[in-house]
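Printed here is data-v1.pdb (PDB, C-alpha atoms, pLDDT in the B column):
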```pdb
ATOM      1  CA  MET A1317       1.654  24.354   6.665  1.00 66.00           C
ATOM      2  CA  LYS A1318       2.765  23.603   3.131  1.00 81.00           C
ATOM      3  CA  LYS A1319       0.529  21.074   1.341  1.00 91.00           C
ATOM      4  CA  LEU A1320       2.604  18.064   0.458  1.00 95.00           C
ATOM      5  CA  ARG A1321       2.158  15.645  -2.432  1.00 97.00           C
ATOM      6  CA  ILE A1322       1.914  12.165  -0.912  1.00 97.00           C
ATOM      7  CA  GLY A1323       1.753   8.887  -2.795  1.00 97.00           C
ATOM      8  CA  VAL A1324       0.001   6.089  -0.931  1.00 98.00           C
ATOM      9  CA  ASP A1325       0.132   2.463  -2.003  1.00 97.00           C
ATOM     10  CA  ILE A1326      -3.146   0.571  -1.640  1.00 97.00           C
ATOM     11  CA  ASP A1327      -2.449  -3.103  -0.944  1.00 95.00           C
ATOM     12  CA  SER A1328      -1.216  -3.820   2.592  1.00 94.00           C
ATOM     13  CA  VAL A1329      -1.121  -0.075   3.272  1.00 97.00           C
ATOM     14  CA  VAL A1330      -4.805   0.931   2.996  1.00 97.00           C
ATOM     15  CA  ASN A1331      -6.282  -2.573   2.801  1.00 96.00           C
ATOM     16  CA  ASP A1332      -5.365  -6.087   3.879  1.00 95.00           C
ATOM     17  CA  LEU A1333      -5.391  -7.641   0.393  1.00 94.00           C
ATOM     18  CA  SER A1334      -2.542 -10.057   1.153  1.00 94.00           C
ATOM     19  CA  ALA A1335      -4.310 -11.380   4.244  1.00 95.00           C
ATOM     20  CA  ALA A1336      -7.560 -11.825   2.258  1.00 97.00           C
ATOM     21  CA  VAL A1337      -5.674 -13.635  -0.522  1.00 97.00           C
ATOM     22  CA  LEU A1338      -4.077 -15.983   2.015  1.00 98.00           C
ATOM     23  CA  GLU A1339      -7.456 -16.646   3.640  1.00 98.00           C
ATOM     24  CA  VAL A1340      -8.997 -17.780   0.344  1.00 98.00           C
ATOM     25  CA  TYR A1341      -5.862 -19.689  -0.679  1.00 98.00           C
ATOM     26  CA  ASN A1342      -5.831 -21.499   2.693  1.00 98.00           C
ATOM     27  CA  GLU A1343      -9.470 -22.538   2.234  1.00 98.00           C
ATOM     28  CA  ASP A1344      -8.747 -23.873  -1.255  1.00 98.00           C
ATOM     29  CA  SER A1345      -5.465 -25.604  -0.439  1.00 98.00           C
ATOM     30  CA  GLY A1346      -5.874 -26.713   3.148  1.00 98.00           C
ATOM     31  CA  ASP A1347      -2.738 -24.722   3.979  1.00 98.00           C
ATOM     32  CA  ASN A1348      -2.487 -22.351   6.959  1.00 97.00           C
ATOM     33  CA  LEU A1349      -0.204 -19.536   5.807  1.00 97.00           C
ATOM     34  CA  THR A1350      -0.400 -16.171   7.553  1.00 96.00           C
ATOM     35  CA  ILE A1351       1.207 -12.820   6.774  1.00 95.00           C
ATOM     36  CA  SER A1352       3.845 -13.498   9.446  1.00 95.00           C
ATOM     37  CA  ASP A1353       4.961 -16.546   7.410  1.00 96.00           C
ATOM     38  CA  ILE A1354       5.601 -14.419   4.316  1.00 95.00           C
ATOM     39  CA  THR A1355       9.191 -13.182   4.534  1.00 94.00           C
ATOM     40  CA  ASP A1356       9.517 -12.250   0.846  1.00 92.00           C
ATOM     41  CA  TYR A1357       7.230  -9.959  -1.157  1.00 91.00           C
ATOM     42  CA  MET A1358       6.447 -12.765  -3.610  1.00 92.00           C
ATOM     43  CA  ILE A1359       3.844 -14.829  -1.747  1.00 95.00           C
ATOM     44  CA  GLU A1360       4.097 -17.518  -4.441  1.00 95.00           C
ATOM     45  CA  LYS A1361       7.380 -18.644  -2.883  1.00 96.00           C
ATOM     46  CA  PHE A1362       5.481 -19.867   0.191  1.00 97.00           C
ATOM     47  CA  VAL A1363       2.446 -21.651  -1.280  1.00 97.00           C
ATOM     48  CA  LYS A1364       2.123 -25.335  -2.040  1.00 97.00           C
ATOM     49  CA  PRO A1365       3.875 -26.309  -5.301  1.00 97.00           C
ATOM     50  CA  GLU A1366       0.638 -27.106  -7.146  1.00 97.00           C
ATOM     51  CA  TYR A1367      -0.618 -23.522  -6.482  1.00 97.00           C
ATOM     52  CA  LYS A1368       2.511 -21.573  -7.445  1.00 96.00           C
ATOM     53  CA  GLU A1369       1.810 -21.154 -11.162  1.00 95.00           C
ATOM     54  CA  SER A1370      -1.783 -19.985 -10.816  1.00 95.00           C
ATOM     55  CA  PHE A1371      -1.461 -18.135  -7.498  1.00 96.00           C
ATOM     56  CA  HIS A1372      -1.652 -14.712  -9.185  1.00 92.00           C
ATOM     57  CA  LYS A1373      -5.321 -15.428  -9.996  1.00 93.00           C
ATOM     58  CA  TYR A1374      -6.226 -15.004  -6.331  1.00 95.00           C
ATOM     59  CA  PHE A1375      -5.605 -11.271  -6.652  1.00 91.00           C
ATOM     60  CA  VAL A1376      -8.605 -10.941  -8.994  1.00 88.00           C
ATOM     61  CA  ASP A1377     -10.749 -13.578  -7.270  1.00 92.00           C
ATOM     62  CA  LYS A1378     -14.159 -12.137  -6.268  1.00 91.00           C
ATOM     63  CA  ARG A1379     -14.046 -14.095  -3.006  1.00 96.00           C
ATOM     64  CA  VAL A1380     -10.913 -12.170  -2.046  1.00 95.00           C
ATOM     65  CA  TRP A1381     -12.403  -8.762  -2.869  1.00 91.00           C
ATOM     66  CA  LYS A1382     -15.419  -9.512  -0.668  1.00 93.00           C
ATOM     67  CA  ARG A1383     -13.102 -10.138   2.307  1.00 95.00           C
ATOM     68  CA  ILE A1384     -10.672  -7.260   2.026  1.00 95.00           C
ATOM     69  CA  LYS A1385     -10.707  -5.132   5.156  1.00 95.00           C
ATOM     70  CA  PRO A1386      -9.645  -1.507   5.436  1.00 95.00           C
ATOM     71  CA  ILE A1387      -6.564  -0.558   7.432  1.00 94.00           C
ATOM     72  CA  ASN A1388      -5.148   2.893   8.159  1.00 92.00           C
ATOM     73  CA  ILE A1389      -8.338   4.541   6.839  1.00 94.00           C
ATOM     74  CA  LYS A1390      -8.517   7.367   9.418  1.00 94.00           C
ATOM     75  CA  ALA A1391      -4.865   8.274   8.953  1.00 94.00           C
ATOM     76  CA  VAL A1392      -5.107   8.248   5.149  1.00 96.00           C
ATOM     77  CA  GLN A1393      -8.313  10.299   5.372  1.00 94.00           C
ATOM     78  CA  TRP A1394      -6.450  12.844   7.495  1.00 93.00           C
ATOM     79  CA  LEU A1395      -3.749  13.001   4.817  1.00 95.00           C
ATOM     80  CA  ILE A1396      -6.415  13.473   2.098  1.00 95.00           C
ATOM     81  CA  ASP A1397      -8.035  16.282   4.093  1.00 93.00           C
ATOM     82  CA  ASN A1398      -4.735  18.106   4.631  1.00 92.00           C
ATOM     83  CA  HIS A1399      -2.476  17.268   1.679  1.00 95.00           C
ATOM     84  CA  ASP A1400      -2.534  16.224  -1.973  1.00 96.00           C
ATOM     85  CA  VAL A1401      -2.829  12.440  -1.807  1.00 97.00           C
ATOM     86  CA  TYR A1402      -2.511  10.118  -4.785  1.00 97.00           C
ATOM     87  CA  PHE A1403      -3.185   6.409  -4.577  1.00 98.00           C
ATOM     88  CA  VAL A1404      -0.293   4.881  -6.517  1.00 97.00           C
ATOM     89  CA  THR A1405      -0.565   1.198  -7.341  1.00 96.00           C
ATOM     90  CA  ALA A1406       1.516  -1.189  -9.429  1.00 94.00           C
ATOM     91  CA  THR A1407      -1.470  -3.497  -9.825  1.00 91.00           C
ATOM     92  CA  GLU A1408      -2.374  -5.529 -12.864  1.00 88.00           C
ATOM     93  CA  ILE A1409      -4.782  -3.656 -15.142  1.00 90.00           C
ATOM     94  CA  GLU A1410      -7.661  -6.055 -14.372  1.00 88.00           C
ATOM     95  CA  ASN A1411      -7.331  -5.173 -10.657  1.00 88.00           C
ATOM     96  CA  LEU A1412      -7.707  -1.446 -11.205  1.00 92.00           C
ATOM     97  CA  GLU A1413     -11.522  -1.376 -11.344  1.00 91.00           C
ATOM     98  CA  PRO A1414     -12.024  -3.469  -8.163  1.00 90.00           C
ATOM     99  CA  LYS A1415      -9.496  -1.253  -6.360  1.00 92.00           C
ATOM    100  CA  LYS A1416     -11.266   1.884  -7.553  1.00 94.00           C
ATOM    101  CA  ARG A1417     -14.635   0.574  -6.299  1.00 92.00           C
ATOM    102  CA  TRP A1418     -13.057  -0.397  -2.988  1.00 93.00           C
ATOM    103  CA  LEU A1419     -11.450   3.037  -2.563  1.00 95.00           C
ATOM    104  CA  LEU A1420     -14.705   4.833  -3.394  1.00 94.00           C
ATOM    105  CA  LYS A1421     -16.454   2.800  -0.716  1.00 93.00           C
ATOM    106  CA  HIS A1422     -13.968   3.977   1.928  1.00 94.00           C
ATOM    107  CA  PHE A1423     -12.973   7.479   0.771  1.00 90.00           C
ATOM    108  CA  THR A1424     -15.760   9.747  -0.401  1.00 78.00           C
ATOM    109  CA  ASN A1425     -13.974  13.060  -0.814  1.00 86.00           C
ATOM    110  CA  ILE A1426     -11.298  12.220  -3.354  1.00 90.00           C
ATOM    111  CA  ASP A1427     -11.629  12.395  -7.127  1.00 92.00           C
ATOM    112  CA  LEU A1428     -10.100   9.092  -8.194  1.00 93.00           C
ATOM    113  CA  ARG A1429     -10.201  10.143 -11.849  1.00 91.00           C
ATOM    114  CA  LYS A1430      -7.365  12.482 -10.885  1.00 94.00           C
ATOM    115  CA  ARG A1431      -5.896  10.720  -7.847  1.00 95.00           C
ATOM    116  CA  LEU A1432      -5.634   7.022  -8.740  1.00 96.00           C
ATOM    117  CA  VAL A1433      -2.390   6.234 -10.542  1.00 96.00           C
ATOM    118  CA  ARG A1434      -1.417   2.841 -11.959  1.00 96.00           C
ATOM    119  CA  LEU A1435       2.339   2.837 -12.320  1.00 95.00           C
ATOM    120  CA  TYR A1436       4.578  -0.213 -12.248  1.00 93.00           C
ATOM    121  CA  ASP A1437       7.775   1.814 -11.732  1.00 94.00           C
ATOM    122  CA  LYS A1438       6.791   4.050  -8.842  1.00 95.00           C
ATOM    123  CA  GLN A1439      10.197   5.717  -8.969  1.00 94.00           C
ATOM    124  CA  LEU A1440       8.753   7.693 -11.910  1.00 94.00           C
ATOM    125  CA  PHE A1441       6.092   9.246  -9.653  1.00 95.00           C
ATOM    126  CA  SER A1442       6.975  12.682  -8.330  1.00 95.00           C
ATOM    127  CA  CYS A1443       5.953  13.332  -4.735  1.00 96.00           C
ATOM    128  CA  ASP A1444       7.271  14.396  -1.341  1.00 95.00           C
ATOM    129  CA  PHE A1445       6.574  11.055   0.363  1.00 96.00           C
ATOM    130  CA  LEU A1446       5.742   7.601  -0.973  1.00 97.00           C
ATOM    131  CA  ILE A1447       4.117   5.311   1.598  1.00 97.00           C
ATOM    132  CA  ASP A1448       4.483   1.691   0.509  1.00 97.00           C
ATOM    133  CA  ASP A1449       5.184  -1.822   1.768  1.00 96.00           C
ATOM    134  CA  SER A1450       7.252  -2.995  -1.207  1.00 94.00           C
ATOM    135  CA  ILE A1451      11.005  -2.554  -1.073  1.00 92.00           C
ATOM    136  CA  LYS A1452      11.055  -2.442  -4.892  1.00 91.00           C
ATOM    137  CA  ASN A1453       8.973   0.737  -4.834  1.00 91.00           C
ATOM    138  CA  LEU A1454      10.972   2.422  -2.085  1.00 92.00           C
ATOM    139  CA  ASN A1455      14.464   1.581  -3.336  1.00 89.00           C
ATOM    140  CA  GLY A1456      16.368   3.069  -6.232  1.00 83.00           C
ATOM    141  CA  THR A1457      16.545   6.541  -7.718  1.00 85.00           C
ATOM    142  CA  HIS A1458      13.540   8.731  -7.001  1.00 88.00           C
ATOM    143  CA  ASP A1459      12.684  12.192  -5.738  1.00 89.00           C
ATOM    144  CA  TYR A1460      10.499  11.217  -2.771  1.00 93.00           C
ATOM    145  CA  ILE A1461      11.156  10.287   0.821  1.00 93.00           C
ATOM    146  CA  SER A1462      10.507   6.562   1.183  1.00 95.00           C
ATOM    147  CA  VAL A1463       8.109   5.586   3.958  1.00 96.00           C
ATOM    148  CA  CYS A1464       8.004   1.833   4.539  1.00 96.00           C
ATOM    149  CA  ILE A1465       5.021   0.273   6.272  1.00 96.00           C
ATOM    150  CA  ASP A1466       6.606  -2.477   8.327  1.00 95.00           C
ATOM    151  CA  MET A1467       5.773  -6.007   7.160  1.00 95.00           C
ATOM    152  CA  PRO A1468       7.503  -9.388   7.662  1.00 94.00           C
ATOM    153  CA  TYR A1469       8.538  -9.418   3.980  1.00 94.00           C
ATOM    154  CA  ASN A1470      10.322  -6.038   3.976  1.00 93.00           C
ATOM    155  CA  GLN A1471      12.678  -6.517   6.904  1.00 93.00           C
ATOM    156  CA  GLY A1472      16.335  -5.710   6.393  1.00 85.00           C
ATOM    157  CA  PHE A1473      15.586  -2.739   4.125  1.00 85.00           C
ATOM    158  CA  ASN A1474      16.719   0.374   5.961  1.00 85.00           C
ATOM    159  CA  ASN A1475      17.062   2.988   3.224  1.00 86.00           C
ATOM    160  CA  CYS A1476      13.760   4.532   4.303  1.00 91.00           C
ATOM    161  CA  LEU A1477      11.653   5.804   7.149  1.00 93.00           C
ATOM    162  CA  ARG A1478       9.889   2.829   8.728  1.00 94.00           C
ATOM    163  CA  PHE A1479       6.571   2.891  10.546  1.00 96.00           C
ATOM    164  CA  LYS A1480       4.226   0.142  11.766  1.00 95.00           C
ATOM    165  CA  THR A1481       1.164   2.023  10.462  1.00 95.00           C
ATOM    166  CA  VAL A1482       0.240   5.081   8.432  1.00 96.00           C
ATOM    167  CA  GLN A1483      -1.126   6.555  11.685  1.00 94.00           C
ATOM    168  CA  ASP A1484       2.372   6.324  13.190  1.00 94.00           C
ATOM    169  CA  PHE A1485       3.720   8.240  10.178  1.00 94.00           C
ATOM    170  CA  VAL A1486       1.009  10.910  10.490  1.00 93.00           C
ATOM    171  CA  ASP A1487       1.549  11.241  14.226  1.00 91.00           C
ATOM    172  CA  PHE A1488       5.308  11.588  13.838  1.00 89.00           C
ATOM    173  CA  PHE A1489       5.404  14.069  10.961  1.00 85.00           C
ATOM    174  CA  PHE A1490       2.242  16.076  11.317  1.00 82.00           C
ATOM    175  CA  LEU A1491       0.631  15.800  14.732  1.00 73.00           C
ATOM    176  CA  GLU A1492       3.585  15.662  17.141  1.00 64.00           C
ATOM    177  CA  LYS A1493       6.291  18.240  17.639  1.00 51.00           C
ATOM    178  CA  THR A1494       9.269  16.861  15.734  1.00 50.00           C
ATOM    179  CA  LEU A1495      12.544  18.157  14.392  1.00 45.00           C
ATOM    180  CA  TRP A1496      11.081  17.862  10.893  1.00 47.00           C
ATOM    181  CA  SER A1497      10.788  21.129   8.963  1.00 45.00           C
ATOM    182  CA  TYR A1498       8.804  21.173   5.724  1.00 44.00           C
ATOM    183  CA  GLN A1499      10.757  24.186   4.515  1.00 42.00           C
ATOM    184  CA  GLU A1500      14.056  22.318   4.796  1.00 42.00           C
ATOM    185  CA  HIS A1501      12.768  19.427   2.669  1.00 40.00           C
ATOM    186  CA  PRO A1502      11.121  20.692  -0.541  1.00 39.00           C
TER     187      PRO A1502
END
```

Write out the structure in this file as structure tokens.
Amino acid sequence: MKKLRIGVDIDSVVNDLSAAVLEVYNEDSGDNLTISDITDYMIEKFVKPEYKESFHKYFVDKRVWKRIKPINIKAVQWLIDNHDVYFVTATEIENLEPKKRWLLKHFTNIDLRKRLVRLYDKQLFSCDFLIDDSIKNLNGTHDYISVCIDMPYNQGFNNCLRFKTVQDFVDFFFLEKTLWSYQEHP
């Protein structure tokens, strides 16, 4: 099997950062937002008015980083073991170090000096597949096949392959007999 170059987003693909952010925000604000309430990528649109302007600070809040849980770890590990995986994130620069530490805690056999990419315009990243939850990163002109991890805030976008989990993607393309041929799709 040909080794593929696969870009994997981190937040809401490999971890539950958005859920952890909402948990801390809810404690601070007395609100009760959940991921299912968030129907637009910009969570700020759903928080109480007095939290909108400073909401971005939750993404670097140490309380949030202590609560982040891994998701899709086994499937991403399988991809790392069998293909060239790059973690591609559009994060703010101050979030890069916490993300790196978090990734190192959960993935021990990947050299993040070479495989962690901070890139706001992911369309510039060259790969075979990009697995992401953000429509902005999957839309537009690019040379990868867009793989959307299904979330309440990315509904209605259909210019992609859509899966509930990374495991579903792995099962469909690599572990089950499918019509997919790697040779037909360079």

I'd like the neighbourhood of stretch 1367-1371 of chain A as a list in words, where a residue qualifies if any of its atoms comes within 12 Å (using only C-alpha atoms), though same-chain residues fewer than 6 positions away should be ignored. Ser1334, Val1337, Leu1338, Val1340, Tyr1341, Asn1342, Asp1344, Ser1345, Gly1346, Asp1347, Met1358, Ile1359, Glu1360, Lys1361 and Asp1377 of chain A

Residues within 12 Å of stretch 1474-1484 of chain A, please, as a CSV table (one decimal) with C-alpha atoms, keeping the file's coordinate frame. Count all atoms listed in the file; anything in the same chain fewer than 5 positions from it doesn't count.
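Output (result.csv):
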```
chain,number,residue,atom,x,y,z
A,1322,ILE,CA,1.9,12.2,-0.9
A,1323,GLY,CA,1.8,8.9,-2.8
A,1324,VAL,CA,0.0,6.1,-0.9
A,1325,ASP,CA,0.1,2.5,-2.0
A,1326,ILE,CA,-3.1,0.6,-1.6
A,1328,SER,CA,-1.2,-3.8,2.6
A,1329,VAL,CA,-1.1,-0.1,3.3
A,1330,VAL,CA,-4.8,0.9,3.0
A,1331,ASN,CA,-6.3,-2.6,2.8
A,1387,ILE,CA,-6.6,-0.6,7.4
A,1388,ASN,CA,-5.1,2.9,8.2
A,1389,ILE,CA,-8.3,4.5,6.8
A,1390,LYS,CA,-8.5,7.4,9.4
A,1391,ALA,CA,-4.9,8.3,9.0
A,1392,VAL,CA,-5.1,8.2,5.1
A,1393,GLN,CA,-8.3,10.3,5.4
A,1394,TRP,CA,-6.4,12.8,7.5
A,1395,LEU,CA,-3.7,13.0,4.8
A,1445,PHE,CA,6.6,11.1,0.4
A,1446,LEU,CA,5.7,7.6,-1.0
A,1447,ILE,CA,4.1,5.3,1.6
A,1448,ASP,CA,4.5,1.7,0.5
A,1449,ASP,CA,5.2,-1.8,1.8
A,1450,SER,CA,7.3,-3.0,-1.2
A,1451,ILE,CA,11.0,-2.6,-1.1
A,1452,LYS,CA,11.1,-2.4,-4.9
A,1453,ASN,CA,9.0,0.7,-4.8
A,1454,LEU,CA,11.0,2.4,-2.1
A,1455,ASN,CA,14.5,1.6,-3.3
A,1456,GLY,CA,16.4,3.1,-6.2
A,1457,THR,CA,16.5,6.5,-7.7
A,1460,TYR,CA,10.5,11.2,-2.8
A,1461,ILE,CA,11.2,10.3,0.8
A,1462,SER,CA,10.5,6.6,1.2
A,1463,VAL,CA,8.1,5.6,4.0
A,1464,CYS,CA,8.0,1.8,4.5
A,1465,ILE,CA,5.0,0.3,6.3
A,1466,ASP,CA,6.6,-2.5,8.3
A,1467,MET,CA,5.8,-6.0,7.2
A,1468,PRO,CA,7.5,-9.4,7.7
A,1489,PHE,CA,5.4,14.1,11.0
A,1490,PHE,CA,2.2,16.1,11.3
A,1491,LEU,CA,0.6,15.8,14.7
A,1492,GLU,CA,3.6,15.7,17.1
```

The distance between atom CA of A:Leu1333 and atom CA of A:Ile1384 is 5.5 Å

query: Residues at most 8 Å from A:Thr1355, counting all atoms listed in the file, excluding those fewer than 4 positions away in the same chain, as a PyMOL selection string?
result: chain A and resi 1468-1471

Counting all atoms listed in the file, closest pick from A:Val1433, A:Cys1443, A:Val1404, A:Ala1335 relative to A:Asp1353 is A:Ala1335

task: Provide the atom CA of A:Phe1423 to atom CA of A:Asp1397 distance in Å, to one decimal place.
output: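 Computing the Euclidean distance for atom CA of A:Phe1423 and atom CA of A:Asp1397 yields 10.6 Å.
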
Notebook entry, point to check: Nearest to A:Lys1318: which of A:Asp1444, A:Lys1415, A:Lys1430, A:Lys1373 is it, counting only C-alpha atoms?
Noted result: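 Answer, going by the shortest atom-to-atom distance: A:Asp1444.
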
Show me, as JSON, the centre and edge lengths in Å to one decimal of the axis-aligned box that covers every listed atom of stretch 1380-1383 of chain A with 8 Å on each side.
```
{"center_x": -13.2, "center_y": -10.5, "center_z": -0.3, "size_x": 20.5, "size_y": 19.4, "size_z": 21.2}
```

* To do: Please identify all polymer residues lying at most 7 Å from the point (-16.0, -6.7, -7.2) (file coordinates), using only C-alpha atoms, and present the result as a PyMOL selection string.
  => chain A and resi 1378+1381+1414

*Quick one, how far is atom CA of A:Ile1354 from atom CA of A:Ala1406?*
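Those two atoms sit 19.5 Å apart.
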
In terms of all atoms listed in the file, the residue from A:Ala1336, A:Ile1409, A:Leu1435, A:Ile1351 at minimal distance from A:Pro1386 is A:Ala1336

Practice item. Check the smallest atom-to-atom distance from each of A:Leu1440, A:Val1376, A:Ile1426, A:Val1363 to A:Asn1411 using only C-alpha atoms, then report the winner. Key: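 For A:Asn1411, the nearest of the given residues is A:Val1376.
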
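Evaluated against the shown file, the PyMOL selection byres ((chain A and resi 1399) around 8) gives A:Lys1319, A:Leu1320, A:Arg1321, A:Ile1322, A:Leu1395, A:Ile1396, A:Asp1397, A:Asn1398, A:Asp1400, A:Val1401.
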
Explicit residue set for the PyMOL selection byres ((chain A and resi 1429) around 12), as a PyMOL selection string
chain A and resi 1402-1403+1412-1413+1416-1417+1419-1420+1426-1428+1430-1434

Residues of the last selection are to be written out with C-alpha atoms, as an mmCIF file, in the frame of the given file.
```cif
data_model
loop_
_atom_site.group_PDB
_atom_site.id
_atom_site.type_symbol
_atom_site.label_atom_id
_atom_site.label_comp_id
_atom_site.auth_asym_id
_atom_site.auth_seq_id
_atom_site.Cartn_x
_atom_site.Cartn_y
_atom_site.Cartn_z
ATOM 1 C CA TYR A 1402 -2.511 10.118 -4.785
ATOM 2 C CA PHE A 1403 -3.185 6.409 -4.577
ATOM 3 C CA LEU A 1412 -7.707 -1.446 -11.205
ATOM 4 C CA GLU A 1413 -11.522 -1.376 -11.344
ATOM 5 C CA LYS A 1416 -11.266 1.884 -7.553
ATOM 6 C CA ARG A 1417 -14.635 0.574 -6.299
ATOM 7 C CA LEU A 1419 -11.450 3.037 -2.563
ATOM 8 C CA LEU A 1420 -14.705 4.833 -3.394
ATOM 9 C CA ILE A 1426 -11.298 12.220 -3.354
ATOM 10 C CA ASP A 1427 -11.629 12.395 -7.127
ATOM 11 C CA LEU A 1428 -10.100 9.092 -8.194
ATOM 12 C CA LYS A 1430 -7.365 12.482 -10.885
ATOM 13 C CA ARG A 1431 -5.896 10.720 -7.847
ATOM 14 C CA LEU A 1432 -5.634 7.022 -8.740
ATOM 15 C CA VAL A 1433 -2.390 6.234 -10.542
ATOM 16 C CA ARG A 1434 -1.417 2.841 -11.959
#
```

Only all heavy atoms, please: stretch 1476-1483 of chain A from the block, as a PDB file, in the first residue's frame.
```pdb
ATOM      1  N   CYS A1476     -17.197  17.510   0.501  1.00  0.00           N
ATOM      2  CA  CYS A1476     -16.190  16.774   1.244  1.00  0.00           C
ATOM      3  C   CYS A1476     -16.673  15.348   1.463  1.00  0.00           C
ATOM      4  O   CYS A1476     -17.807  15.012   1.153  1.00  0.00           O
ATOM      5  CB  CYS A1476     -15.964  17.434   2.607  1.00  0.00           C
ATOM      6  SG  CYS A1476     -17.460  17.408   3.634  1.00  0.00           S
ATOM      7  N   LEU A1477     -15.796  14.550   2.032  1.00  0.00           N
ATOM      8  CA  LEU A1477     -16.185  13.256   2.578  1.00  0.00           C
ATOM      9  C   LEU A1477     -16.512  13.521   4.040  1.00  0.00           C
ATOM     10  O   LEU A1477     -15.779  14.240   4.715  1.00  0.00           O
ATOM     11  CB  LEU A1477     -15.035  12.261   2.459  1.00  0.00           C
ATOM     12  CG  LEU A1477     -14.517  12.028   1.044  1.00  0.00           C
ATOM     13  CD1 LEU A1477     -13.274  11.155   1.063  1.00  0.00           C
ATOM     14  CD2 LEU A1477     -15.604  11.387   0.186  1.00  0.00           C
ATOM     15  N   ARG A1478     -17.579  12.958   4.538  1.00  0.00           N
ATOM     16  CA  ARG A1478     -18.021  13.257   5.907  1.00  0.00           C
ATOM     17  C   ARG A1478     -18.077  11.962   6.710  1.00  0.00           C
ATOM     18  O   ARG A1478     -18.663  10.979   6.277  1.00  0.00           O
ATOM     19  CB  ARG A1478     -19.397  13.920   5.861  1.00  0.00           C
ATOM     20  CG  ARG A1478     -19.912  14.373   7.222  1.00  0.00           C
ATOM     21  CD  ARG A1478     -21.251  15.090   7.078  1.00  0.00           C
ATOM     22  NE  ARG A1478     -21.101  16.408   6.486  1.00  0.00           N
ATOM     23  CZ  ARG A1478     -20.835  17.511   7.172  1.00  0.00           C
ATOM     24  NH1 ARG A1478     -20.690  17.454   8.476  1.00  0.00           N
ATOM     25  NH2 ARG A1478     -20.722  18.673   6.565  1.00  0.00           N
ATOM     26  N   PHE A1479     -17.454  12.013   7.886  1.00  0.00           N
ATOM     27  CA  PHE A1479     -17.452  10.869   8.787  1.00  0.00           C
ATOM     28  C   PHE A1479     -17.738  11.352  10.202  1.00  0.00           C
ATOM     29  O   PHE A1479     -17.349  12.461  10.576  1.00  0.00           O
ATOM     30  CB  PHE A1479     -16.091  10.152   8.755  1.00  0.00           C
ATOM     31  CG  PHE A1479     -15.793   9.514   7.432  1.00  0.00           C
ATOM     32  CD1 PHE A1479     -15.074  10.200   6.464  1.00  0.00           C
ATOM     33  CD2 PHE A1479     -16.238   8.229   7.146  1.00  0.00           C
ATOM     34  CE1 PHE A1479     -14.807   9.623   5.232  1.00  0.00           C
ATOM     35  CE2 PHE A1479     -15.975   7.644   5.913  1.00  0.00           C
ATOM     36  CZ  PHE A1479     -15.252   8.336   4.951  1.00  0.00           C
ATOM     37  N   LYS A1480     -18.368  10.513  11.003  1.00  0.00           N
ATOM     38  CA  LYS A1480     -18.632  10.845  12.412  1.00  0.00           C
ATOM     39  C   LYS A1480     -17.324  10.891  13.199  1.00  0.00           C
ATOM     40  O   LYS A1480     -17.160  11.720  14.082  1.00  0.00           O
ATOM     41  CB  LYS A1480     -19.568   9.822  13.052  1.00  0.00           C
ATOM     42  CG  LYS A1480     -20.987   9.919  12.569  1.00  0.00           C
ATOM     43  CD  LYS A1480     -21.710  11.015  13.300  1.00  0.00           C
ATOM     44  CE  LYS A1480     -23.169  11.039  12.897  1.00  0.00           C
ATOM     45  NZ  LYS A1480     -23.791  12.305  13.171  1.00  0.00           N
ATOM     46  N   THR A1481     -16.414   9.965  12.904  1.00  0.00           N
ATOM     47  CA  THR A1481     -15.153   9.862  13.654  1.00  0.00           C
ATOM     48  C   THR A1481     -14.004   9.569  12.699  1.00  0.00           C
ATOM     49  O   THR A1481     -14.215   9.138  11.559  1.00  0.00           O
ATOM     50  CB  THR A1481     -15.202   8.726  14.691  1.00  0.00           C
ATOM     51  OG1 THR A1481     -15.266   7.468  13.987  1.00  0.00           O
ATOM     52  CG2 THR A1481     -16.395   8.868  15.638  1.00  0.00           C
ATOM     53  N   VAL A1482     -12.798   9.755  13.185  1.00  0.00           N
ATOM     54  CA  VAL A1482     -11.615   9.375  12.400  1.00  0.00           C
ATOM     55  C   VAL A1482     -11.603   7.863  12.209  1.00  0.00           C
ATOM     56  O   VAL A1482     -11.201   7.366  11.152  1.00  0.00           O
ATOM     57  CB  VAL A1482     -10.318   9.868  13.081  1.00  0.00           C
ATOM     58  CG1 VAL A1482      -9.088   9.385  12.316  1.00  0.00           C
ATOM     59  CG2 VAL A1482     -10.304  11.386  13.196  1.00  0.00           C
ATOM     60  N   GLN A1483     -12.068   7.107  13.206  1.00  0.00           N
ATOM     61  CA  GLN A1483     -12.128   5.645  13.068  1.00  0.00           C
ATOM     62  C   GLN A1483     -13.011   5.252  11.892  1.00  0.00           C
ATOM     63  O   GLN A1483     -12.681   4.332  11.144  1.00  0.00           O
ATOM     64  CB  GLN A1483     -12.638   4.995  14.355  1.00  0.00           C
ATOM     65  CG  GLN A1483     -12.563   3.467  14.314  1.00  0.00           C
ATOM     66  CD  GLN A1483     -11.136   2.967  14.215  1.00  0.00           C
ATOM     67  OE1 GLN A1483     -10.323   3.271  15.078  1.00  0.00           O
ATOM     68  NE2 GLN A1483     -10.823   2.203  13.179  1.00  0.00           N
TER      69      GLN A1483
END
```
